[in-house]
file start_3.cif (mmCIF, C-alpha atoms)
data_coords
#
loop_
_atom_site.label_atom_id
_atom_site.label_comp_id
_atom_site.auth_asym_id
_atom_site.auth_seq_id
_atom_site.Cartn_x
_atom_site.Cartn_y
_atom_site.Cartn_z
CA MET A 7 -12.56 -224.52 157.94
CA SER A 8 -11.94 -227.65 159.99
CA THR A 9 -14.00 -230.72 159.06
CA ALA A 10 -14.03 -234.28 160.35
CA LEU A 11 -11.93 -236.56 158.15
CA PRO A 12 -12.74 -240.29 158.02
CA PRO A 13 -10.60 -242.22 160.55
CA ASP A 14 -8.19 -243.71 158.01
CA ALA A 15 -7.71 -240.35 156.29
CA ALA A 16 -7.30 -238.61 159.65
CA GLU A 17 -4.50 -240.99 160.65
CA ALA A 18 -2.70 -240.54 157.33
CA ALA A 19 -3.17 -236.78 157.53
CA ALA A 20 -1.69 -236.68 161.04
CA ARG A 21 1.44 -238.54 159.88
CA THR A 22 1.84 -236.28 156.84
CA ARG A 23 1.32 -233.15 158.92
CA GLU A 24 4.09 -234.26 161.29
CA GLU A 25 6.48 -234.97 158.42
CA VAL A 26 5.75 -231.73 156.58
CA CYS A 27 6.04 -229.66 159.76
CA ALA A 28 9.38 -231.25 160.70
CA LEU A 29 10.84 -230.75 157.24
CA HIS A 30 10.03 -227.04 157.28
CA ALA A 31 12.88 -226.70 159.79
CA GLU A 32 15.30 -227.67 157.00
CA LEU A 33 14.49 -224.57 154.94
CA PRO A 34 15.90 -221.94 157.36
CA ARG A 35 18.61 -224.40 158.41
CA TRP A 36 19.97 -224.38 154.84
CA ASN A 37 19.31 -220.64 154.36
CA LEU A 38 16.67 -221.24 151.70
CA VAL A 39 14.03 -218.84 153.09
CA THR A 40 13.69 -215.58 155.00
CA TRP A 41 11.00 -214.57 157.51
CA THR A 42 7.81 -216.47 156.59
CA SER A 43 8.56 -217.09 152.90
CA GLY A 44 8.60 -220.54 151.34
CA ASN A 45 6.51 -223.64 151.89
CA ILE A 46 6.38 -227.42 151.69
CA SER A 47 3.41 -229.60 150.82
CA ALA A 48 3.00 -233.36 150.54
CA ARG A 49 0.32 -235.75 149.37
CA ILE A 50 -1.54 -237.65 152.06
CA PRO A 51 -1.26 -241.34 151.09
CA GLY A 52 -4.48 -243.10 150.20
CA THR A 53 -6.44 -239.87 149.82
CA GLY A 54 -6.99 -237.14 147.26
CA LEU A 55 -5.58 -234.62 149.71
CA PHE A 56 -2.35 -232.85 150.58
CA ALA A 57 -0.98 -230.99 153.59
CA ILE A 58 0.66 -227.58 153.24
CA LYS A 59 2.15 -224.80 155.38
CA PRO A 60 -0.25 -222.13 156.62
CA SER A 61 0.11 -218.63 155.23
CA GLY A 62 2.21 -216.06 157.06
CA LEU A 63 3.30 -218.10 160.09
CA SER A 64 6.93 -217.90 161.15
CA TYR A 65 8.88 -221.13 161.10
CA ASP A 66 9.21 -221.32 164.87
CA GLU A 67 5.42 -221.12 165.21
CA LEU A 68 4.70 -224.12 163.00
CA THR A 69 3.16 -227.24 164.52
CA PRO A 70 1.78 -230.38 162.89
CA GLU A 71 -1.73 -229.18 163.78
CA SER A 72 -1.16 -225.87 161.98
CA MET A 73 -0.55 -227.60 158.65
CA VAL A 74 -3.64 -227.24 156.45
CA VAL A 75 -5.17 -230.20 154.63
CA CYS A 76 -6.46 -229.33 151.15
CA SER A 77 -8.20 -231.09 148.29
CA LEU A 78 -6.54 -231.41 144.90
CA ASP A 79 -8.68 -228.45 143.86
CA GLY A 80 -6.75 -226.39 146.41
CA GLU A 81 -9.68 -226.05 148.80
CA PRO A 82 -8.98 -226.33 152.55
CA VAL A 83 -10.81 -229.29 154.09
CA ASP A 84 -9.19 -229.61 157.50
CA GLY A 85 -7.33 -227.17 159.71
CA ASP A 86 -7.89 -223.87 161.46
CA ARG A 87 -5.46 -221.76 159.42
CA THR A 88 -5.48 -220.18 155.98
CA PRO A 89 -3.23 -222.21 153.68
CA SER A 90 -0.21 -220.86 151.83
CA SER A 91 -0.78 -218.32 149.06
CA ASP A 92 0.88 -220.88 146.76
CA THR A 93 -1.74 -223.57 147.47
CA ALA A 94 -3.38 -223.34 144.04
CA ALA A 95 0.00 -223.80 142.37
CA HIS A 96 0.79 -226.88 144.47
CA ALA A 97 -2.66 -228.32 143.77
CA TYR A 98 -2.22 -227.88 140.03
CA VAL A 99 1.09 -229.77 140.17
CA TYR A 100 -0.54 -232.65 142.04
CA ARG A 101 -3.40 -232.84 139.56
CA GLU A 102 -1.13 -232.87 136.52
CA MET A 103 1.92 -234.77 137.83
CA PRO A 104 0.76 -237.94 139.59
CA GLU A 105 4.39 -238.92 140.18
CA ALA A 106 4.91 -235.85 142.39
CA GLY A 107 4.48 -236.74 146.04
CA ALA A 108 5.60 -233.35 147.35
CA VAL A 109 6.27 -229.76 146.29
CA VAL A 110 8.70 -227.30 147.87
CA HIS A 111 9.02 -223.56 147.26
CA THR A 112 11.96 -221.42 148.38
CA HIS A 113 13.46 -218.00 147.73
CA SER A 114 17.05 -219.16 148.22
CA PRO A 115 19.32 -216.25 147.27
CA TYR A 116 21.67 -217.64 144.64
CA ALA A 117 19.03 -219.66 142.81
CA THR A 118 16.60 -216.74 142.95
CA ALA A 119 19.30 -214.50 141.48
CA TRP A 120 19.44 -216.83 138.47
CA ALA A 121 15.63 -216.69 138.34
CA ALA A 122 15.75 -212.88 138.37
CA ARG A 123 18.00 -213.03 135.32
CA GLY A 124 15.74 -215.57 133.65
CA GLU A 125 18.78 -217.76 133.10
CA PRO A 126 18.96 -221.55 133.53
CA ILE A 127 21.82 -222.94 135.61
CA PRO A 128 24.10 -224.90 133.25
CA CYS A 129 24.93 -228.46 134.21
CA ALA A 130 28.63 -227.79 134.73
CA ILE A 131 29.46 -229.87 137.83
CA THR A 132 29.05 -233.55 138.63
CA ALA A 133 26.75 -232.91 141.59
CA MET A 134 24.28 -231.25 139.22
CA ALA A 135 24.45 -234.16 136.81
CA ASP A 136 23.82 -236.54 139.70
CA GLU A 137 20.77 -234.80 141.12
CA PHE A 138 19.26 -232.98 138.14
CA GLY A 139 20.50 -234.83 135.06
CA ALA A 140 20.42 -231.59 133.08
CA GLU A 141 20.51 -227.84 133.47
CA ILE A 142 18.10 -226.39 136.01
CA PRO A 143 15.50 -224.74 133.74
CA VAL A 144 13.64 -221.45 133.97
CA GLY A 145 9.86 -221.20 134.03
CA PRO A 146 7.72 -218.23 133.01
CA PHE A 147 6.85 -215.30 135.21
CA ALA A 148 3.47 -215.71 136.90
CA LEU A 149 1.61 -213.86 139.61
CA ILE A 150 1.08 -215.45 143.02
CA GLY A 151 -2.34 -216.59 144.16
CA GLY A 152 -3.78 -218.60 141.28
CA ASP A 153 -2.65 -221.72 139.47
CA ASP A 154 -0.54 -219.90 136.85
CA ILE A 155 2.66 -220.77 138.73
CA GLY A 156 1.61 -224.41 138.83
CA ARG A 157 0.93 -224.37 135.10
CA GLY A 158 4.42 -223.00 134.49
CA ILE A 159 6.02 -225.63 136.73
CA VAL A 160 4.23 -228.48 134.97
CA ALA A 161 4.94 -227.12 131.48
CA VAL A 162 8.67 -226.90 132.18
CA LEU A 163 9.24 -230.05 134.26
CA SER A 164 7.07 -232.46 132.26
CA GLY A 165 9.52 -234.68 130.42
CA HIS A 166 12.52 -232.98 132.07
CA ARG A 167 14.92 -234.80 134.39
CA SER A 168 15.32 -231.84 136.72
CA PRO A 169 13.12 -231.87 139.84
CA ALA A 170 13.72 -228.12 140.17
CA VAL A 171 12.58 -225.11 138.17
CA LEU A 172 13.50 -221.45 138.59
CA MET A 173 10.28 -219.50 138.19
CA ARG A 174 11.29 -216.23 136.60
CA SER A 175 11.68 -213.28 138.99
CA HIS A 176 10.21 -215.38 141.80
CA GLY A 177 12.15 -218.34 143.16
CA VAL A 178 12.61 -222.09 143.22
CA PHE A 179 10.00 -224.83 143.04
CA THR A 180 10.96 -228.48 143.38
CA VAL A 181 9.03 -231.73 143.19
CA GLY A 182 9.89 -235.14 144.59
CA ARG A 183 8.53 -238.61 145.16
CA ASP A 184 8.17 -237.56 148.80
CA ALA A 185 8.73 -234.45 150.91
CA LYS A 186 12.31 -235.32 151.89
CA ALA A 187 13.30 -235.77 148.23
CA ALA A 188 11.72 -232.44 147.27
CA VAL A 189 13.52 -230.66 150.12
CA LYS A 190 16.81 -232.27 149.10
CA ALA A 191 16.32 -231.01 145.55
CA ALA A 192 15.79 -227.47 146.89
CA VAL A 193 18.98 -227.69 148.97
CA MET A 194 20.98 -229.04 146.03
CA CYS A 195 19.53 -226.40 143.69
CA GLU A 196 20.83 -223.60 145.88
CA ASP A 197 24.22 -225.30 146.23
CA ALA A 198 24.51 -225.64 142.44
CA ALA A 199 23.39 -222.05 141.88
CA ARG A 200 26.03 -220.75 144.28
CA THR A 201 28.84 -222.95 142.96
CA VAL A 202 28.25 -222.17 139.29
CA HIS A 203 27.91 -218.46 140.08
CA LEU A 204 31.29 -218.51 141.87
CA ALA A 205 32.87 -220.39 138.99
CA ARG A 206 31.64 -217.77 136.51
CA GLN A 207 33.42 -215.06 138.47
CA LEU A 208 36.68 -216.76 137.45
CA GLY A 209 35.82 -217.12 133.77
CA PRO A 210 33.59 -218.95 131.29
CA VAL A 211 31.93 -222.14 132.51
CA GLU A 212 31.61 -225.11 130.18
CA PRO A 213 28.65 -227.48 130.65
CA LEU A 214 29.44 -231.17 130.97
CA SER A 215 28.96 -233.25 127.84
CA ALA A 216 25.60 -234.97 127.43
CA GLU A 217 27.36 -238.34 127.52
CA HIS A 218 28.95 -237.61 130.89
CA VAL A 219 25.73 -236.16 132.30
CA ASP A 220 23.84 -239.31 131.31
CA ALA A 221 26.45 -241.59 132.89
CA LEU A 222 26.62 -239.60 136.12
CA TYR A 223 22.85 -239.35 136.43
CA ASP A 224 22.37 -243.08 135.85
CA ARG A 225 25.01 -244.02 138.44
CA TYR A 226 23.66 -241.67 141.09
CA GLN A 227 20.02 -242.57 140.57
CA ASN A 228 20.50 -246.33 140.23
CA ALA A 229 23.70 -247.37 142.01
CA TYR A 230 24.74 -244.73 144.56
CA GLY A 231 24.09 -245.28 148.27
CA GLN A 232 22.84 -248.30 150.18
CA ARG A 233 20.68 -250.74 148.28
CA SER A 234 18.53 -253.53 149.64
CA SER A 235 19.62 -257.10 148.91
CA ASP A 236 16.79 -257.63 146.42
CA GLN A 237 17.88 -254.74 144.18
#
call {"tool": "encode", "arguments": {"input": "start_3.cif", "output": "structure tokens"}}
result
Amino acid sequence: MSTALPPDAAEAAARTREEVCALHAELPRWNLVTWTSGNISARIPGTGLFAIKPSGLSYDELTPESMVVCSLDGEPVDGDRTPSSDTAAHAYVYREMPEAGAVVHTHSPYATAWAARGEPIPCAITAMADEFGAEIPVGPFALIGGDDIGRGIVAVLSGHRSPAVLMRSHGVFTVGRDAKAAVKAAVMCEDAARTVHLARQLGPVEPLSAEHVDALYDRYQNAYGQRSSDQ
């Protein structure tokens, strides 16, 4: 499977492989995956390629070199491992959503429970408004292995503020401008799923008003945190 990448592409691929490998440690750290489930991929800057987790390797076995470089058609072009079974879905997202720099997939328990019910998570807390700007939507059921999951992700998230979608009876997929942002969205999705579930055990949960969601989302996306002096 391994092929020689041009020098510039090889350097960019090495950096992306290191980043993607390191971020995989965040998934078990935040209890978003079990055993070998879940995966992260990220575009390799300046190329039409992305790096993704190999299929079936445990998280403590992952190395930068084990990440598989694939084309946007989902074909492996560099690496000695078989890529994730979700590779075709990731590739479809990259082809159809040029703004997506990374894709993350988890089976985090609370969010996946909402996915099993086919129920979106209502935007009922400020942290959800900040990160997602809306409810976390549900995508259609699709079998693993082809690009049907990717088609569902794109259909649901296109034009939607949320970087996360609950694919029905499957789990969570998130997109981000880079891999760290996509991982953060996966962490926040599980936190929101758990919090709203707990709230519903106490009684009905009212979504925030659209006006408040808009205000919170705008503040968090455009004013929260440290900003450079030219912003």
call {"tool": "closest_residue", "arguments": {"input": "start_3.cif", "among": "A:Leu204, A:Ala16, A:Cys27, A:Ala135", "to": "Asp66 of chain A", "atoms": "all atoms listed in the file"}}
result
A:Cys27
call {"tool": "residues_near_point", "arguments": {"input": "start_3.cif", "point": "(9.2, -228.0, 130.6)", "cutoff": "12 Å", "atoms": "all atoms listed in the file", "output": "ChimeraX atom specification"}}
result
/A:141-146,156-173
call {"tool": "residues_around", "arguments": {"input": "start_3.cif", "residues": "Ala15 of chain A", "least_positions_apart": "4", "cutoff": "12 Å", "atoms": "all atoms listed in the file", "output": "list of chain:residue names"}}
result
A:Thr9, A:Ala10, A:Leu11, A:Ala19, A:Ala20, A:Arg21, A:Thr22, A:Arg23, A:Arg49, A:Ile50, A:Pro51, A:Gly52, A:Thr53, A:Gly54, A:Leu55, A:Phe56, A:Ala57, A:Val75, A:Val83, A:Asp84
call {"tool": "atom_distance", "arguments": {"input": "start_3.cif", "atom1": "atom CA of Asp79 of chain A", "atom2": "atom CA of Thr93 of chain A"}}
result
9.2 Å
call {"tool": "residues_around", "arguments": {"input": "start_3.cif", "residues": "Thr180 of chain A", "least_positions_apart": "5", "cutoff": "8 Å", "atoms": "only C-alpha atoms", "output": "PyMOL selection string"}}
result
chain A and resi 109-111+169-171+188-189+191-192
call {"tool": "resolve_selection", "arguments": {"input": "start_3.cif", "expression": "the PyMOL selection byres ((chain A and resi 120) around 12)", "output": "PyMOL selection string"}}
result
chain A and resi 113-119+121-128+142-145+171-178+195-196+198-200+202-203
call {"tool": "resolve_selection", "arguments": {"input": "start_3.cif", "expression": "the PyMOL selection byres ((chain A and resi 43) around 12)", "output": "PDB file with C-alpha atoms, in the frame of the given file"}}
result
ATOM      1  CA  HIS A  30      10.030-227.040 157.280  1.00  0.00           C
ATOM      2  CA  LEU A  33      14.490-224.570 154.940  1.00  0.00           C
ATOM      3  CA  PRO A  34      15.900-221.940 157.360  1.00  0.00           C
ATOM      4  CA  ASN A  37      19.310-220.640 154.360  1.00  0.00           C
ATOM      5  CA  LEU A  38      16.670-221.240 151.700  1.00  0.00           C
ATOM      6  CA  VAL A  39      14.030-218.840 153.090  1.00  0.00           C
ATOM      7  CA  THR A  40      13.690-215.580 155.000  1.00  0.00           C
ATOM      8  CA  TRP A  41      11.000-214.570 157.510  1.00  0.00           C
ATOM      9  CA  THR A  42       7.810-216.470 156.590  1.00  0.00           C
ATOM     10  CA  GLY A  44       8.600-220.540 151.340  1.00  0.00           C
ATOM     11  CA  ASN A  45       6.510-223.640 151.890  1.00  0.00           C
ATOM     12  CA  ILE A  46       6.380-227.420 151.690  1.00  0.00           C
ATOM     13  CA  LYS A  59       2.150-224.800 155.380  1.00  0.00           C
ATOM     14  CA  PRO A  60      -0.250-222.130 156.620  1.00  0.00           C
ATOM     15  CA  SER A  61       0.110-218.630 155.230  1.00  0.00           C
ATOM     16  CA  GLY A  62       2.210-216.060 157.060  1.00  0.00           C
ATOM     17  CA  LEU A  63       3.300-218.100 160.090  1.00  0.00           C
ATOM     18  CA  SER A  64       6.930-217.900 161.150  1.00  0.00           C
ATOM     19  CA  TYR A  65       8.880-221.130 161.100  1.00  0.00           C
ATOM     20  CA  SER A  90      -0.210-220.860 151.830  1.00  0.00           C
ATOM     21  CA  SER A  91      -0.780-218.320 149.060  1.00  0.00           C
ATOM     22  CA  ASP A  92       0.880-220.880 146.760  1.00  0.00           C
ATOM     23  CA  VAL A 110       8.700-227.300 147.870  1.00  0.00           C
ATOM     24  CA  HIS A 111       9.020-223.560 147.260  1.00  0.00           C
ATOM     25  CA  THR A 112      11.960-221.420 148.380  1.00  0.00           C
ATOM     26  CA  HIS A 113      13.460-218.000 147.730  1.00  0.00           C
ATOM     27  CA  SER A 114      17.050-219.160 148.220  1.00  0.00           C
ATOM     28  CA  HIS A 176      10.210-215.380 141.800  1.00  0.00           C
ATOM     29  CA  GLY A 177      12.150-218.340 143.160  1.00  0.00           C
ATOM     30  CA  VAL A 178      12.610-222.090 143.220  1.00  0.00           C
TER      31      VAL A 178
END
call {"tool": "atom_distance", "arguments": {"input": "start_3.cif", "atom1": "atom CA of Glu105 of chain A", "atom2": "atom CA of Lys186 of chain A"}}
result
14.6 Å
call {"tool": "atom_distance", "arguments": {"input": "start_3.cif", "atom1": "atom CA of Thr88 of chain A", "atom2": "atom CA of Phe147 of chain A"}}
result
24.6 Å
call {"tool": "closest_residue", "arguments": {"input": "start_3.cif", "among": "A:Asp153, A:Asp136, A:Glu212, A:Glu71", "to": "Arg87 of chain A", "atoms": "all atoms listed in the file"}}
result
A:Glu71
call {"tool": "residues_around", "arguments": {"input": "start_3.cif", "residues": "Tyr223 of chain A", "least_positions_apart": "6", "cutoff": "9 Å", "atoms": "all atoms listed in the file", "output": "number ranges by chain"}}
result
A: 132, 134-140
call {"tool": "closest_residue", "arguments": {"input": "start_3.cif", "among": "A:Ile131, A:Ala97, A:Ala31, A:Met73", "to": "Ala205 of chain A", "atoms": "all atoms listed in the file"}}
result
A:Ile131
call {"tool": "decode", "arguments": {"input": "start_3.cif", "residues": "segment 122-222 of chain A", "atoms": "C-alpha atoms", "output": "PDB file, in the first residue's frame"}}
result
ATOM      1  CA  ALA A 122     -30.387   4.985  19.283  1.00  0.00           C
ATOM      2  CA  ARG A 123     -33.644   6.798  19.990  1.00  0.00           C
ATOM      3  CA  GLY A 124     -33.319   8.836  16.804  1.00  0.00           C
ATOM      4  CA  GLU A 125     -33.844  11.960  18.883  1.00  0.00           C
ATOM      5  CA  PRO A 126     -31.979  15.274  18.508  1.00  0.00           C
ATOM      6  CA  ILE A 127     -30.515  16.824  21.658  1.00  0.00           C
ATOM      7  CA  PRO A 128     -32.446  20.042  22.343  1.00  0.00           C
ATOM      8  CA  CYS A 129     -30.420  23.207  22.813  1.00  0.00           C
ATOM      9  CA  ALA A 130     -31.403  23.666  26.449  1.00  0.00           C
ATOM     10  CA  ILE A 131     -28.158  24.847  28.083  1.00  0.00           C
ATOM     11  CA  THR A 132     -25.835  27.747  27.362  1.00  0.00           C
ATOM     12  CA  ALA A 133     -22.837  25.506  26.662  1.00  0.00           C
ATOM     13  CA  MET A 134     -24.778  23.941  23.791  1.00  0.00           C
ATOM     14  CA  ALA A 135     -25.704  27.334  22.396  1.00  0.00           C
ATOM     15  CA  ASP A 136     -22.052  28.362  22.590  1.00  0.00           C
ATOM     16  CA  GLU A 137     -20.596  25.361  20.787  1.00  0.00           C
ATOM     17  CA  PHE A 138     -23.428  24.151  18.546  1.00  0.00           C
ATOM     18  CA  GLY A 139     -25.693  27.160  18.026  1.00  0.00           C
ATOM     19  CA  ALA A 140     -28.692  24.855  17.741  1.00  0.00           C
ATOM     20  CA  GLU A 141     -29.925  21.417  18.685  1.00  0.00           C
ATOM     21  CA  ILE A 142     -27.598  18.542  17.860  1.00  0.00           C
ATOM     22  CA  PRO A 143     -29.405  16.914  14.916  1.00  0.00           C
ATOM     23  CA  VAL A 144     -29.979  13.291  13.974  1.00  0.00           C
ATOM     24  CA  GLY A 145     -28.847  11.798  10.681  1.00  0.00           C
ATOM     25  CA  PRO A 146     -30.272   8.756   8.897  1.00  0.00           C
ATOM     26  CA  PHE A 147     -29.324   5.173   9.593  1.00  0.00           C
ATOM     27  CA  ALA A 148     -26.650   3.903   7.205  1.00  0.00           C
ATOM     28  CA  LEU A 149     -24.506   0.802   7.019  1.00  0.00           C
ATOM     29  CA  ILE A 150     -20.767   1.000   7.663  1.00  0.00           C
ATOM     30  CA  GLY A 151     -18.247   0.539   4.876  1.00  0.00           C
ATOM     31  CA  GLY A 152     -19.444   2.738   2.018  1.00  0.00           C
ATOM     32  CA  ASP A 153     -20.069   6.451   1.697  1.00  0.00           C
ATOM     33  CA  ASP A 154     -23.717   6.339   2.827  1.00  0.00           C
ATOM     34  CA  ILE A 155     -22.748   7.587   6.297  1.00  0.00           C
ATOM     35  CA  GLY A 156     -20.841  10.460   4.722  1.00  0.00           C
ATOM     36  CA  ARG A 157     -23.839  11.341   2.576  1.00  0.00           C
ATOM     37  CA  GLY A 158     -26.013  11.467   5.689  1.00  0.00           C
ATOM     38  CA  ILE A 159     -23.520  13.654   7.546  1.00  0.00           C
ATOM     39  CA  VAL A 160     -23.297  16.144   4.693  1.00  0.00           C
ATOM     40  CA  ALA A 161     -27.059  16.239   4.125  1.00  0.00           C
ATOM     41  CA  VAL A 162     -27.718  17.056   7.785  1.00  0.00           C
ATOM     42  CA  LEU A 163     -24.827  19.415   8.558  1.00  0.00           C
ATOM     43  CA  SER A 164     -24.871  21.463   5.349  1.00  0.00           C
ATOM     44  CA  GLY A 165     -26.292  24.825   6.354  1.00  0.00           C
ATOM     45  CA  HIS A 166     -26.517  23.789  10.024  1.00  0.00           C
ATOM     46  CA  ARG A 167     -24.530  25.494  12.786  1.00  0.00           C
ATOM     47  CA  SER A 168     -23.880  22.270  14.660  1.00  0.00           C
ATOM     48  CA  PRO A 169     -20.503  20.613  13.992  1.00  0.00           C
ATOM     49  CA  ALA A 170     -21.952  17.361  15.361  1.00  0.00           C
ATOM     50  CA  VAL A 171     -24.543  14.915  14.084  1.00  0.00           C
ATOM     51  CA  LEU A 172     -25.978  11.820  15.761  1.00  0.00           C
ATOM     52  CA  MET A 173     -26.115   9.144  13.088  1.00  0.00           C
ATOM     53  CA  ARG A 174     -29.134   7.043  13.946  1.00  0.00           C
ATOM     54  CA  SER A 175     -28.420   3.806  15.841  1.00  0.00           C
ATOM     55  CA  HIS A 176     -24.692   4.330  15.295  1.00  0.00           C
ATOM     56  CA  GLY A 177     -22.918   7.199  17.034  1.00  0.00           C
ATOM     57  CA  VAL A 178     -21.472  10.682  16.769  1.00  0.00           C
ATOM     58  CA  PHE A 179     -19.683  12.315  13.855  1.00  0.00           C
ATOM     59  CA  THR A 180     -18.196  15.783  14.167  1.00  0.00           C
ATOM     60  CA  VAL A 181     -16.421  18.105  11.768  1.00  0.00           C
ATOM     61  CA  GLY A 182     -14.090  21.001  12.466  1.00  0.00           C
ATOM     62  CA  ARG A 183     -11.756  23.475  10.850  1.00  0.00           C
ATOM     63  CA  ASP A 184      -8.946  21.303  12.235  1.00  0.00           C
ATOM     64  CA  ALA A 185      -8.596  18.068  14.187  1.00  0.00           C
ATOM     65  CA  LYS A 186      -8.517  19.723  17.614  1.00  0.00           C
ATOM     66  CA  ALA A 187     -11.778  21.571  16.896  1.00  0.00           C
ATOM     67  CA  ALA A 188     -13.476  18.379  15.719  1.00  0.00           C
ATOM     68  CA  VAL A 189     -12.323  16.506  18.833  1.00  0.00           C
ATOM     69  CA  LYS A 190     -13.560  19.346  21.043  1.00  0.00           C
ATOM     70  CA  ALA A 191     -16.971  19.149  19.363  1.00  0.00           C
ATOM     71  CA  ALA A 192     -17.108  15.404  20.118  1.00  0.00           C
ATOM     72  CA  VAL A 193     -16.232  16.018  23.778  1.00  0.00           C
ATOM     73  CA  MET A 194     -18.826  18.787  24.090  1.00  0.00           C
ATOM     74  CA  CYS A 195     -21.456  16.671  22.319  1.00  0.00           C
ATOM     75  CA  GLU A 196     -21.138  13.921  24.911  1.00  0.00           C
ATOM     76  CA  ASP A 197     -21.203  16.458  27.752  1.00  0.00           C
ATOM     77  CA  ALA A 198     -24.392  18.020  26.378  1.00  0.00           C
ATOM     78  CA  ALA A 199     -26.005  14.616  25.822  1.00  0.00           C
ATOM     79  CA  ARG A 200     -25.303  13.595  29.413  1.00  0.00           C
ATOM     80  CA  THR A 201     -26.409  16.891  30.958  1.00  0.00           C
ATOM     81  CA  VAL A 202     -29.694  17.126  29.052  1.00  0.00           C
ATOM     82  CA  HIS A 203     -30.428  13.460  29.775  1.00  0.00           C
ATOM     83  CA  LEU A 204     -29.933  14.068  33.512  1.00  0.00           C
ATOM     84  CA  ALA A 205     -32.125  17.160  33.379  1.00  0.00           C
ATOM     85  CA  ARG A 206     -34.932  15.175  31.740  1.00  0.00           C
ATOM     86  CA  GLN A 207     -34.926  12.747  34.647  1.00  0.00           C
ATOM     87  CA  LEU A 208     -36.118  15.655  36.810  1.00  0.00           C
ATOM     88  CA  GLY A 209     -38.853  16.819  34.455  1.00  0.00           C
ATOM     89  CA  PRO A 210     -39.534  18.482  31.095  1.00  0.00           C
ATOM     90  CA  VAL A 211     -36.656  20.397  29.524  1.00  0.00           C
ATOM     91  CA  GLU A 212     -37.338  23.659  27.714  1.00  0.00           C
ATOM     92  CA  PRO A 213     -35.034  24.651  24.828  1.00  0.00           C
ATOM     93  CA  LEU A 214     -33.494  28.106  24.978  1.00  0.00           C
ATOM     94  CA  SER A 215     -35.168  30.764  22.870  1.00  0.00           C
ATOM     95  CA  ALA A 216     -33.760  31.317  19.380  1.00  0.00           C
ATOM     96  CA  GLU A 217     -32.858  34.882  20.356  1.00  0.00           C
ATOM     97  CA  HIS A 218     -30.765  33.714  23.304  1.00  0.00           C
ATOM     98  CA  VAL A 219     -29.144  30.925  21.295  1.00  0.00           C
ATOM     99  CA  ASP A 220     -28.112  33.413  18.613  1.00  0.00           C
ATOM    100  CA  ALA A 221     -26.641  35.825  21.161  1.00  0.00           C
ATOM    101  CA  LEU A 222     -24.738  33.122  23.026  1.00  0.00           C
TER     102      LEU A 222
END
